[in-house]
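Structure data (mmCIF, C-alpha atoms) from start-v7.cif:
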```cif
data_work
#
loop_
_atom_site.label_atom_id
_atom_site.label_comp_id
_atom_site.auth_asym_id
_atom_site.auth_seq_id
_atom_site.Cartn_x
_atom_site.Cartn_y
_atom_site.Cartn_z
CA MET A 1220 47.32 109.49 124.63
CA THR A 1221 47.04 106.65 122.15
CA THR A 1222 47.47 108.98 119.21
CA LYS A 1223 50.59 110.48 120.82
CA ARG A 1224 52.03 107.01 121.35
CA LEU A 1225 51.20 106.09 117.81
CA ALA A 1226 52.88 109.24 116.57
CA ILE A 1227 56.05 108.47 118.55
CA LEU A 1228 56.03 104.88 117.31
CA PHE A 1229 55.55 106.12 113.77
CA ALA A 1230 58.38 108.62 114.07
CA LEU A 1231 60.68 106.01 115.60
CA SER A 1232 60.01 103.42 112.94
CA GLY A 1233 60.53 106.12 110.34
CA ALA A 1234 63.96 106.87 111.79
CA VAL A 1235 64.84 103.17 111.89
CA LEU A 1236 63.71 102.76 108.30
CA ALA A 1237 65.74 105.78 107.24
CA ALA A 1238 68.80 104.40 109.01
CA PHE A 1239 68.20 100.98 107.48
CA TYR A 1240 67.92 102.55 104.06
CA TYR A 1241 71.02 104.62 104.63
CA PHE A 1242 73.21 101.75 105.72
CA TYR A 1243 71.82 98.82 103.76
CA TRP A 1244 69.48 99.70 100.95
CA ALA A 1245 71.79 102.28 99.52
CA GLY A 1246 74.16 99.40 98.78
CA PRO A 1247 77.79 98.83 99.68
CA VAL A 1248 80.21 101.71 99.40
CA ASP A 1249 83.60 102.16 97.77
CA ARG A 1250 86.24 103.61 100.06
CA ILE A 1251 88.93 105.89 98.68
CA ILE A 1252 91.68 106.80 101.14
CA LEU A 1253 94.25 109.51 100.48
CA LEU A 1254 97.73 108.51 101.65
CA PRO A 1255 100.57 110.94 102.39
CA GLN A 1256 103.16 111.31 99.63
CA ALA A 1257 106.50 109.59 100.24
CA ASP A 1258 108.29 112.95 99.97
CA GLY A 1259 105.81 114.79 102.17
CA THR A 1260 104.54 117.14 99.45
CA PRO A 1261 100.82 117.91 99.48
CA SER A 1262 98.52 115.96 97.21
CA ALA A 1263 94.84 115.39 96.63
CA VAL A 1264 92.35 113.16 94.87
CA VAL A 1265 89.09 114.25 93.31
CA VAL A 1266 86.38 111.64 93.74
CA GLN A 1267 83.33 111.94 91.54
CA SER A 1268 80.27 109.81 92.09
CA LYS A 1269 78.14 108.44 89.27
CA SER A 1270 75.44 110.94 90.18
CA GLY A 1271 77.95 113.71 89.46
CA VAL A 1272 78.78 114.84 92.99
CA ALA A 1273 82.48 115.65 93.36
CA PHE A 1274 84.52 115.48 96.52
CA VAL A 1275 88.14 116.52 97.03
CA LEU A 1276 90.28 114.62 99.55
CA GLU A 1277 93.16 116.85 100.58
CA ARG A 1278 94.24 115.58 103.99
CA PRO A 1279 96.16 112.31 104.26
CA TYR A 1280 94.01 109.53 105.75
CA SER A 1281 90.72 111.17 104.85
CA VAL A 1282 88.31 108.67 103.31
CA ALA A 1283 85.61 109.18 100.69
CA THR A 1284 82.78 106.64 100.92
CA VAL A 1285 80.90 106.39 97.66
CA GLY A 1286 77.68 104.45 97.27
CA THR A 1287 75.17 104.49 94.47
CA GLN A 1288 73.06 107.06 96.34
CA ARG A 1289 75.48 109.01 98.46
CA ILE A 1290 79.01 110.21 98.95
CA GLY A 1291 80.44 110.82 102.39
CA VAL A 1292 83.69 111.56 104.10
CA GLU A 1293 85.35 109.85 107.05
CA LYS A 1294 88.71 109.87 108.75
CA THR A 1295 91.15 107.10 109.49
CA ASP A 1296 94.80 106.96 110.54
CA GLU A 1297 98.08 105.38 109.55
CA ALA A 1298 97.89 102.47 112.04
CA ALA A 1299 94.35 101.49 110.97
CA VAL A 1300 95.22 101.66 107.26
CA LYS A 1301 98.43 99.62 107.68
CA THR A 1302 96.48 96.92 109.55
CA ARG A 1303 93.40 96.79 107.37
CA TYR A 1304 95.28 96.94 104.07
CA LYS A 1305 98.42 95.06 105.15
CA GLU A 1306 98.55 93.01 101.92
CA LEU A 1307 98.66 96.18 99.82
CA PHE A 1308 101.74 97.37 101.69
CA ASP A 1309 103.43 93.94 101.64
CA ALA A 1310 102.86 93.46 97.90
CA PHE A 1311 103.84 96.99 96.91
CA PRO A 1312 106.79 97.18 94.47
CA GLN A 1313 110.09 98.77 95.51
CA ARG A 1314 110.24 102.45 94.73
CA PRO A 1315 112.75 103.22 91.97
CA ARG A 1316 116.35 104.03 93.02
CA SER A 1317 118.18 106.74 91.19
CA PHE A 1318 121.85 107.69 90.64
CA ARG A 1319 123.24 110.65 88.69
CA LEU A 1320 126.39 111.07 86.66
CA PHE A 1321 127.50 114.42 85.21
CA PHE A 1322 129.28 115.14 81.93
CA GLU A 1323 131.76 117.57 80.40
CA SER A 1324 130.30 119.99 77.89
CA GLY A 1325 129.39 118.78 74.40
CA GLY A 1326 130.32 115.11 74.69
CA ILE A 1327 130.19 111.85 76.58
CA ARG A 1328 133.18 112.36 78.88
CA LEU A 1329 132.26 112.19 82.57
CA MET A 1330 133.15 115.02 84.95
CA PRO A 1331 136.05 114.01 87.25
CA GLU A 1332 133.79 113.80 90.35
CA SER A 1333 131.37 111.50 88.54
CA GLU A 1334 134.24 109.36 87.24
CA GLU A 1335 135.30 108.95 90.86
CA ARG A 1336 131.79 108.06 92.02
CA LEU A 1337 131.24 105.51 89.27
CA PRO A 1338 132.75 102.48 91.10
CA LEU A 1339 130.43 103.11 94.08
CA ILE A 1340 127.39 103.26 91.81
CA VAL A 1341 128.50 100.09 90.02
CA ASP A 1342 128.77 98.27 93.36
CA ALA A 1343 125.31 99.42 94.40
CA LEU A 1344 123.84 98.39 91.04
CA LYS A 1345 125.45 94.94 91.22
CA ASP A 1346 123.46 94.15 94.36
CA LEU A 1347 120.25 95.75 93.13
CA THR A 1348 120.15 94.20 89.65
CA ASP A 1349 120.07 90.79 91.33
CA LEU A 1350 116.57 91.56 92.62
CA PRO A 1351 113.80 89.69 90.81
CA ALA A 1352 112.43 91.43 87.72
CA SER A 1353 114.63 94.49 88.20
CA GLU A 1354 114.61 96.98 85.33
CA LEU A 1355 117.42 99.36 84.51
CA ILE A 1356 116.63 102.64 82.76
CA LEU A 1357 119.27 105.11 81.59
CA ILE A 1358 118.00 108.62 80.94
CA GLY A 1359 120.37 111.04 79.25
CA HIS A 1360 120.09 114.83 79.47
CA ALA A 1361 121.81 117.79 77.81
CA ASP A 1362 122.13 121.41 78.83
CA ASP A 1363 120.57 124.14 76.69
CA VAL A 1364 123.61 124.84 74.51
CA GLY A 1365 122.96 123.85 70.87
CA SER A 1366 119.86 122.86 68.92
CA ASP A 1367 117.16 120.51 70.18
CA THR A 1368 118.00 117.92 67.52
CA LEU A 1369 121.62 117.97 68.58
CA ASN A 1370 120.75 117.73 72.27
CA ASP A 1371 118.28 114.88 71.76
CA ALA A 1372 121.06 112.89 70.05
CA LEU A 1373 123.74 113.93 72.54
CA SER A 1374 121.61 113.02 75.57
CA ARG A 1375 120.93 109.61 74.07
CA ARG A 1376 124.62 109.08 73.33
CA ARG A 1377 125.41 109.87 76.96
CA ALA A 1378 122.92 107.25 78.14
CA GLU A 1379 124.33 104.73 75.63
CA SER A 1380 127.87 105.40 76.81
CA ILE A 1381 126.85 104.64 80.40
CA ALA A 1382 125.18 101.43 79.19
CA SER A 1383 128.49 100.26 77.65
CA THR A 1384 130.39 101.29 80.78
CA LEU A 1385 128.02 99.27 82.98
CA LYS A 1386 128.20 96.32 80.62
CA ALA A 1387 131.99 96.41 80.80
CA LYS A 1388 131.65 96.26 84.60
CA HIS A 1389 129.55 93.09 84.26
CA ILE A 1390 126.19 94.59 85.05
CA ASP A 1391 123.33 92.90 83.19
CA THR A 1392 122.32 95.44 80.56
CA ALA A 1393 120.45 93.00 78.29
CA HIS A 1394 117.09 94.62 79.05
CA VAL A 1395 118.25 98.14 79.73
CA ALA A 1396 115.98 100.93 78.43
CA ILE A 1397 117.79 103.95 77.02
CA VAL A 1398 116.11 107.33 76.77
CA GLY A 1399 117.51 110.64 75.56
CA ARG A 1400 115.46 113.56 76.89
CA GLY A 1401 117.54 116.30 75.28
CA SER A 1402 117.34 119.57 77.22
CA ARG A 1403 113.63 119.15 78.15
CA ASP A 1404 114.19 118.36 81.78
CA PRO A 1405 116.89 120.56 83.34
CA LEU A 1406 117.84 119.81 86.93
CA VAL A 1407 118.40 123.53 87.44
CA SER A 1408 116.80 126.23 85.33
CA VAL A 1409 119.26 128.61 83.73
CA LYS A 1410 119.10 131.37 81.15
CA GLU A 1411 118.11 130.02 77.75
CA GLY A 1412 121.05 128.69 75.77
CA SER A 1413 123.61 128.88 78.58
CA PRO A 1414 125.84 125.99 79.63
CA GLU A 1415 125.09 124.26 82.95
CA ALA A 1416 127.10 121.31 84.26
CA ARG A 1417 124.28 120.06 86.49
CA ASN A 1418 122.01 119.63 83.48
CA ARG A 1419 124.50 117.53 81.49
CA ARG A 1420 123.77 114.23 83.12
CA VAL A 1421 122.62 110.64 82.94
CA GLU A 1422 120.14 109.42 85.46
CA ILE A 1423 120.42 105.72 86.22
CA ARG A 1424 117.06 104.47 87.45
CA LEU A 1425 116.54 101.03 88.83
CA LYS A 1426 113.03 99.77 89.44
CA MET B 1240 132.74 96.49 60.15
CA ASN B 1241 132.06 92.91 61.20
CA LYS B 1242 129.36 91.55 58.87
CA GLN B 1243 128.18 88.80 61.24
CA PHE B 1244 127.72 91.33 63.98
CA LEU B 1245 125.61 93.50 61.68
CA ILE B 1246 123.40 90.53 60.75
CA PHE B 1247 123.03 89.65 64.42
CA ILE B 1248 122.01 93.22 65.29
CA SER B 1249 119.42 93.42 62.51
CA CYS B 1250 117.93 90.07 63.54
CA ALA B 1251 117.76 91.21 67.14
CA ALA B 1252 116.09 94.46 66.05
CA VAL B 1253 113.50 92.57 63.95
CA LEU B 1254 112.76 90.21 66.85
CA LEU B 1255 112.40 93.10 69.24
CA VAL B 1256 109.97 94.95 66.98
CA ALA B 1257 108.09 91.80 65.91
CA ASN B 1258 107.60 90.50 69.43
CA PRO B 1259 104.14 91.77 70.46
CA ALA B 1260 104.76 91.06 74.15
CA PHE B 1261 107.65 93.47 74.08
CA ALA B 1262 106.03 96.06 71.85
CA SER B 1263 102.91 96.46 73.97
CA GLN B 1264 104.34 95.93 77.42
CA SER B 1265 102.85 98.51 79.79
CA GLY B 1266 104.43 97.29 83.00
CA VAL B 1267 106.01 94.40 84.89
CA ILE B 1268 104.78 92.18 87.72
CA LYS B 1269 107.16 92.77 90.61
CA THR B 1270 105.66 90.74 93.45
CA VAL B 1271 103.23 87.82 93.60
CA GLN B 1272 101.79 86.23 96.71
CA GLY B 1273 99.47 83.20 96.35
CA GLN B 1274 97.37 82.82 93.18
CA VAL B 1275 97.24 85.66 90.67
CA ARG B 1276 95.99 85.38 87.10
CA ILE B 1277 95.95 87.63 84.06
CA GLU B 1278 93.13 87.47 81.55
CA ARG B 1279 94.43 88.62 78.16
CA GLY B 1280 91.89 88.32 75.35
CA ASP B 1281 90.74 84.70 75.52
CA ARG B 1282 93.88 83.57 77.34
CA ASN B 1283 94.06 83.05 81.07
CA LEU B 1284 97.63 83.19 82.38
CA VAL B 1285 99.24 82.51 85.74
CA ALA B 1286 101.05 85.70 86.78
CA LYS B 1287 104.68 85.33 87.79
CA VAL B 1288 107.29 87.84 88.90
CA GLY B 1289 108.86 89.40 85.79
CA ASP B 1290 105.80 88.86 83.56
CA PRO B 1291 104.66 91.80 81.43
CA VAL B 1292 101.27 93.44 81.82
CA GLN B 1293 99.54 95.02 78.84
CA GLU B 1294 96.74 97.37 77.98
CA LEU B 1295 93.34 95.62 78.37
CA ASP B 1296 94.71 92.98 80.77
CA ARG B 1297 92.48 91.93 83.66
CA VAL B 1298 94.55 91.14 86.72
CA MET B 1299 92.83 88.92 89.29
CA SER B 1300 93.98 87.80 92.72
CA GLN B 1301 92.47 84.90 94.70
CA SER B 1302 91.89 84.89 98.45
CA GLU B 1303 95.06 85.26 100.54
CA SER B 1304 96.82 86.49 97.39
CA SER B 1305 98.26 89.80 96.27
CA VAL B 1306 100.30 91.30 93.46
CA GLY B 1307 102.58 94.31 92.91
CA ILE B 1308 103.01 95.95 89.49
CA SER B 1309 105.35 98.67 88.27
CA MET B 1310 104.19 100.43 85.09
CA ASN B 1311 106.62 101.85 82.50
CA ASP B 1312 106.13 105.41 83.77
CA GLU B 1313 106.80 104.26 87.36
CA THR B 1314 103.16 104.22 88.35
CA LEU B 1315 103.20 101.68 91.20
CA LEU B 1316 100.23 99.46 92.03
CA SER B 1317 99.38 96.71 94.44
CA LEU B 1318 96.23 94.59 94.57
CA GLY B 1319 95.02 92.89 97.73
CA PRO B 1320 93.16 89.55 98.00
CA ASN B 1321 90.01 88.81 95.94
CA SER B 1322 90.63 91.78 93.69
CA MET B 1323 90.16 92.51 90.02
CA LEU B 1324 91.85 95.33 88.11
CA VAL B 1325 91.48 96.20 84.44
CA ILE B 1326 94.08 98.24 82.57
CA ASP B 1327 91.66 100.08 80.30
CA ARG B 1328 94.20 102.36 78.66
CA TYR B 1329 97.95 102.70 78.88
CA ALA B 1330 100.14 104.88 76.69
CA TYR B 1331 103.52 106.35 77.62
CA ASP B 1332 106.21 108.22 75.72
CA PRO B 1333 109.38 108.13 77.85
CA VAL B 1334 111.01 111.00 75.96
CA THR B 1335 108.24 113.56 76.51
CA ARG B 1336 106.80 111.81 79.61
CA THR B 1337 103.30 112.18 78.26
CA GLY B 1338 100.62 109.53 77.98
CA GLN B 1339 97.48 108.17 79.55
CA VAL B 1340 96.72 105.74 82.35
CA ALA B 1341 93.16 104.51 82.89
CA THR B 1342 92.40 101.61 85.22
CA SER B 1343 89.23 100.18 86.75
CA ILE B 1344 89.02 98.35 90.02
CA LEU B 1345 86.03 96.02 89.82
CA LYS B 1346 86.42 94.48 93.27
CA GLY B 1347 88.84 94.24 96.15
CA THR B 1348 91.58 96.66 97.15
CA LEU B 1349 94.12 98.71 95.20
CA ARG B 1350 97.01 100.86 96.34
CA TYR B 1351 98.03 103.37 93.70
CA VAL B 1352 101.02 105.69 93.46
CA THR B 1353 101.07 107.86 90.36
CA GLY B 1354 104.19 107.92 88.18
CA LEU B 1355 105.92 110.24 85.75
CA ILE B 1356 102.89 110.93 83.52
CA GLY B 1357 100.88 112.09 86.52
CA ARG B 1358 103.57 114.51 87.68
CA ALA B 1359 103.18 116.85 84.71
CA HIS B 1360 99.73 115.74 83.51
CA PRO B 1361 97.52 114.70 86.43
CA GLU B 1362 94.48 114.98 84.16
CA ALA B 1363 95.83 112.01 82.15
CA ILE B 1364 95.33 109.66 85.11
CA LYS B 1365 91.98 108.05 85.84
CA VAL B 1366 90.86 105.31 88.20
CA THR B 1367 87.27 104.09 87.93
CA THR B 1368 85.11 102.03 90.25
CA GLN B 1369 81.49 101.06 89.71
CA ASN B 1370 80.35 104.02 91.81
CA SER B 1371 82.99 106.63 91.18
CA THR B 1372 85.75 108.16 89.12
CA ILE B 1373 88.97 109.21 90.82
CA GLY B 1374 91.14 111.98 89.45
CA ILE B 1375 94.50 112.81 90.92
CA ARG B 1376 96.72 115.69 91.89
CA GLY B 1377 100.09 114.04 92.41
CA THR B 1378 99.07 111.25 94.64
CA GLU B 1379 99.08 108.08 96.66
CA PHE B 1380 95.81 106.45 97.63
CA ILE B 1381 93.94 103.24 98.36
CA VAL B 1382 90.62 102.14 96.85
CA GLN B 1383 88.41 99.47 98.35
CA VAL B 1384 85.47 98.10 96.36
CA PRO B 1385 83.13 95.60 98.01
CA VAL B 1386 83.20 92.12 96.49
CA ASP B 1387 79.41 91.94 96.13
CA ASN B 1388 79.06 95.33 94.48
#
```
Would you mind giving the structure from this file in structure tokens?
Amino acid sequence: MTTKRLAILFALSGAVLAAFYYFYWAGPVDRIILLPQADGTPSAVVVQSKSGVAFVLERPYSVATVGTQRIGVEKTDEAAVKTRYKELFDAFPQRPRSFRLFFESGGIRLMPESEERLPLIVDALKDLTDLPASELILIGHADDVGSDTLNDALSRRRAESIASTLKAKHIDTAHVAIVGRGSRDPLVSVKEGSPEARNRRVEIRLK
Amino acid sequence: MNKQFLIFISCAAVLLVANPAFASQSGVIKTVQGQVRIERGDRNLVAKVGDPVQELDRVMSQSESSVGISMNDETLLSLGPNSMLVIDRYAYDPVTRTGQVATSILKGTLRYVTGLIGRAHPEAIKVTTQNSTIGIRGTEFIVQVPVDN
């Protein structure tokens, strides 16, 4: 009787100790929470603990808890995350806005439709560039006609031409960044070396 | 060609290249709430909206404070209260969209949205905490590290 009681007591205290160890002695844990992508595409993070154990978070709002001794997984939801980490959402920078203008082949002349759209874009930019610490980036692109060297230069010239246009419309271009990406980043893939109006463009990004 | 204009342009170019703050700018502070400081070498700066952040900066927020940062490649970050973030490595080539982003969160909370480097080269993005290393696959996430870790 006494031995049985002792055994139960022993087992119980063992369980308590194990729980105590698990929750306290193992130290505090880092929490890594996967959020859904803004555009809804799937994403994942790979969390690797110091001891070398790897864990993949694939579902939005799954949580990896990583301590010095252990790595675990939990679940949370949008409401809980938005409450608990409110400051992170409030402080988060605006996502970049983007506008596209398309060009005639081989030069810096805008396509008629883009010429027509330009005043609307200018109006939108006027409001947005007033935001604190806004940055304007002009990224020029070329289609796949011509050599890479030529297209790198042409894409840059397109971006520069938009910079002068915006400046003429009284948009603050003092800190504008100009990038020419040549034909590296087509909007639509076409047969190598063929002309494509949708790839001759300047992307105006405001962040 | 206007000679004065040419002189002006060359001076501007020299200033632009010679200015280390411009040359090594990795990102810009977009939002500040409360008290946020940047430790840069042996300098300790008050962070304001529009200030640059650089490789090796330590960004620290006090209690009831937070900060939002946009990196050159459009990686977006926010830090919650009582947080400390180190930009261990930042390199970005806007033409090829290649580079490297390594940050450590030493305490507090971090929201992280990967930018243009991560889109094509997720292996170039790393976030480290004391207990773990986080690799990404095109991603948004939050990290919370206990203050007394």
Quiz item: Counting only C-alpha atoms, which residues from chain A have an atom at most 8 Å from any atom of chain B, and could you show them as a ChimeraX atom specification?
Solution: /A:1246-1256,1262-1269,1285-1287,1304,1306-1308,1310-1312,1314-1315,1351-1352,1398-1400,1403,1426
Would you put the residues from that selection into a file with C-alpha atoms, as a PDB file, keeping the file's coordinate frame?
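part_34.pdb was written with the following content:
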```
ATOM      1  CA  GLY A1246      74.160  99.400  98.780  1.00  0.00           C
ATOM      2  CA  PRO A1247      77.790  98.830  99.680  1.00  0.00           C
ATOM      3  CA  VAL A1248      80.210 101.710  99.400  1.00  0.00           C
ATOM      4  CA  ASP A1249      83.600 102.160  97.770  1.00  0.00           C
ATOM      5  CA  ARG A1250      86.240 103.610 100.060  1.00  0.00           C
ATOM      6  CA  ILE A1251      88.930 105.890  98.680  1.00  0.00           C
ATOM      7  CA  ILE A1252      91.680 106.800 101.140  1.00  0.00           C
ATOM      8  CA  LEU A1253      94.250 109.510 100.480  1.00  0.00           C
ATOM      9  CA  LEU A1254      97.730 108.510 101.650  1.00  0.00           C
ATOM     10  CA  PRO A1255     100.570 110.940 102.390  1.00  0.00           C
ATOM     11  CA  GLN A1256     103.160 111.310  99.630  1.00  0.00           C
ATOM     12  CA  SER A1262      98.520 115.960  97.210  1.00  0.00           C
ATOM     13  CA  ALA A1263      94.840 115.390  96.630  1.00  0.00           C
ATOM     14  CA  VAL A1264      92.350 113.160  94.870  1.00  0.00           C
ATOM     15  CA  VAL A1265      89.090 114.250  93.310  1.00  0.00           C
ATOM     16  CA  VAL A1266      86.380 111.640  93.740  1.00  0.00           C
ATOM     17  CA  GLN A1267      83.330 111.940  91.540  1.00  0.00           C
ATOM     18  CA  SER A1268      80.270 109.810  92.090  1.00  0.00           C
ATOM     19  CA  LYS A1269      78.140 108.440  89.270  1.00  0.00           C
ATOM     20  CA  VAL A1285      80.900 106.390  97.660  1.00  0.00           C
ATOM     21  CA  GLY A1286      77.680 104.450  97.270  1.00  0.00           C
ATOM     22  CA  THR A1287      75.170 104.490  94.470  1.00  0.00           C
ATOM     23  CA  TYR A1304      95.280  96.940 104.070  1.00  0.00           C
ATOM     24  CA  GLU A1306      98.550  93.010 101.920  1.00  0.00           C
ATOM     25  CA  LEU A1307      98.660  96.180  99.820  1.00  0.00           C
ATOM     26  CA  PHE A1308     101.740  97.370 101.690  1.00  0.00           C
ATOM     27  CA  ALA A1310     102.860  93.460  97.900  1.00  0.00           C
ATOM     28  CA  PHE A1311     103.840  96.990  96.910  1.00  0.00           C
ATOM     29  CA  PRO A1312     106.790  97.180  94.470  1.00  0.00           C
ATOM     30  CA  ARG A1314     110.240 102.450  94.730  1.00  0.00           C
ATOM     31  CA  PRO A1315     112.750 103.220  91.970  1.00  0.00           C
ATOM     32  CA  PRO A1351     113.800  89.690  90.810  1.00  0.00           C
ATOM     33  CA  ALA A1352     112.430  91.430  87.720  1.00  0.00           C
ATOM     34  CA  VAL A1398     116.110 107.330  76.770  1.00  0.00           C
ATOM     35  CA  GLY A1399     117.510 110.640  75.560  1.00  0.00           C
ATOM     36  CA  ARG A1400     115.460 113.560  76.890  1.00  0.00           C
ATOM     37  CA  ARG A1403     113.630 119.150  78.150  1.00  0.00           C
ATOM     38  CA  LYS A1426     113.030  99.770  89.440  1.00  0.00           C
TER      39      LYS A1426
END
```
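Residues selected in this file by the PyMOL selection byres ((chain A and resi 1294-1299) around 7) comprise Tyr1280, Ser1281, Val1282, Glu1293, Val1300, Lys1301, Thr1302 and Arg1303 of chain A.
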Quiz item: Taking (134.0, 118.5, 89.7) in the file's coordinates, which residues come within 10 Å, counting only C-alpha atoms, written as a PyMOL selection string?
Solution: chain A and resi 1321-1323+1329-1335+1416
Output file for the selection above: C-alpha atoms, as a PDB file, in the frame of the given file:
```pdb
ATOM      1  CA  PHE A1321     127.500 114.420  85.210  1.00  0.00           C
ATOM      2  CA  PHE A1322     129.280 115.140  81.930  1.00  0.00           C
ATOM      3  CA  GLU A1323     131.760 117.570  80.400  1.00  0.00           C
ATOM      4  CA  LEU A1329     132.260 112.190  82.570  1.00  0.00           C
ATOM      5  CA  MET A1330     133.150 115.020  84.950  1.00  0.00           C
ATOM      6  CA  PRO A1331     136.050 114.010  87.250  1.00  0.00           C
ATOM      7  CA  GLU A1332     133.790 113.800  90.350  1.00  0.00           C
ATOM      8  CA  SER A1333     131.370 111.500  88.540  1.00  0.00           C
ATOM      9  CA  GLU A1334     134.240 109.360  87.240  1.00  0.00           C
ATOM     10  CA  GLU A1335     135.300 108.950  90.860  1.00  0.00           C
ATOM     11  CA  ALA A1416     127.100 121.310  84.260  1.00  0.00           C
TER      12      ALA A1416
END
```
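Of the residues listed (B:Thr1342, B:Asp1312, B:Val1325, B:Ser1265), B:Asp1312 shows the shortest atom-to-atom separation from Arg1358 (chain B); distances use all atoms listed in the file.
The protein and nucleic acid residues lying at most 12 Å from region 1407-1410 of chain A are His1360, Ala1361, Asp1362, Asp1363, Val1364, Ser1402, Arg1403, Pro1414, Glu1415, Ala1416, Arg1417, Asn1418, Arg1419 and Arg1420 of chain A, with all atoms listed in the file considered and sequence neighbours fewer than 4 positions away removed.
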Produce a file of the selected residues containing C-alpha atoms, as a CSV table (one decimal), keeping the file's coordinate frame.
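Result file follows (result-v9.csv):
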```csv
chain,number,residue,atom,x,y,z
A,1360,HIS,CA,120.1,114.8,79.5
A,1361,ALA,CA,121.8,117.8,77.8
A,1362,ASP,CA,122.1,121.4,78.8
A,1363,ASP,CA,120.6,124.1,76.7
A,1364,VAL,CA,123.6,124.8,74.5
A,1402,SER,CA,117.3,119.6,77.2
A,1403,ARG,CA,113.6,119.2,78.2
A,1414,PRO,CA,125.8,126.0,79.6
A,1415,GLU,CA,125.1,124.3,83.0
A,1416,ALA,CA,127.1,121.3,84.3
A,1417,ARG,CA,124.3,120.1,86.5
A,1418,ASN,CA,122.0,119.6,83.5
A,1419,ARG,CA,124.5,117.5,81.5
A,1420,ARG,CA,123.8,114.2,83.1
```
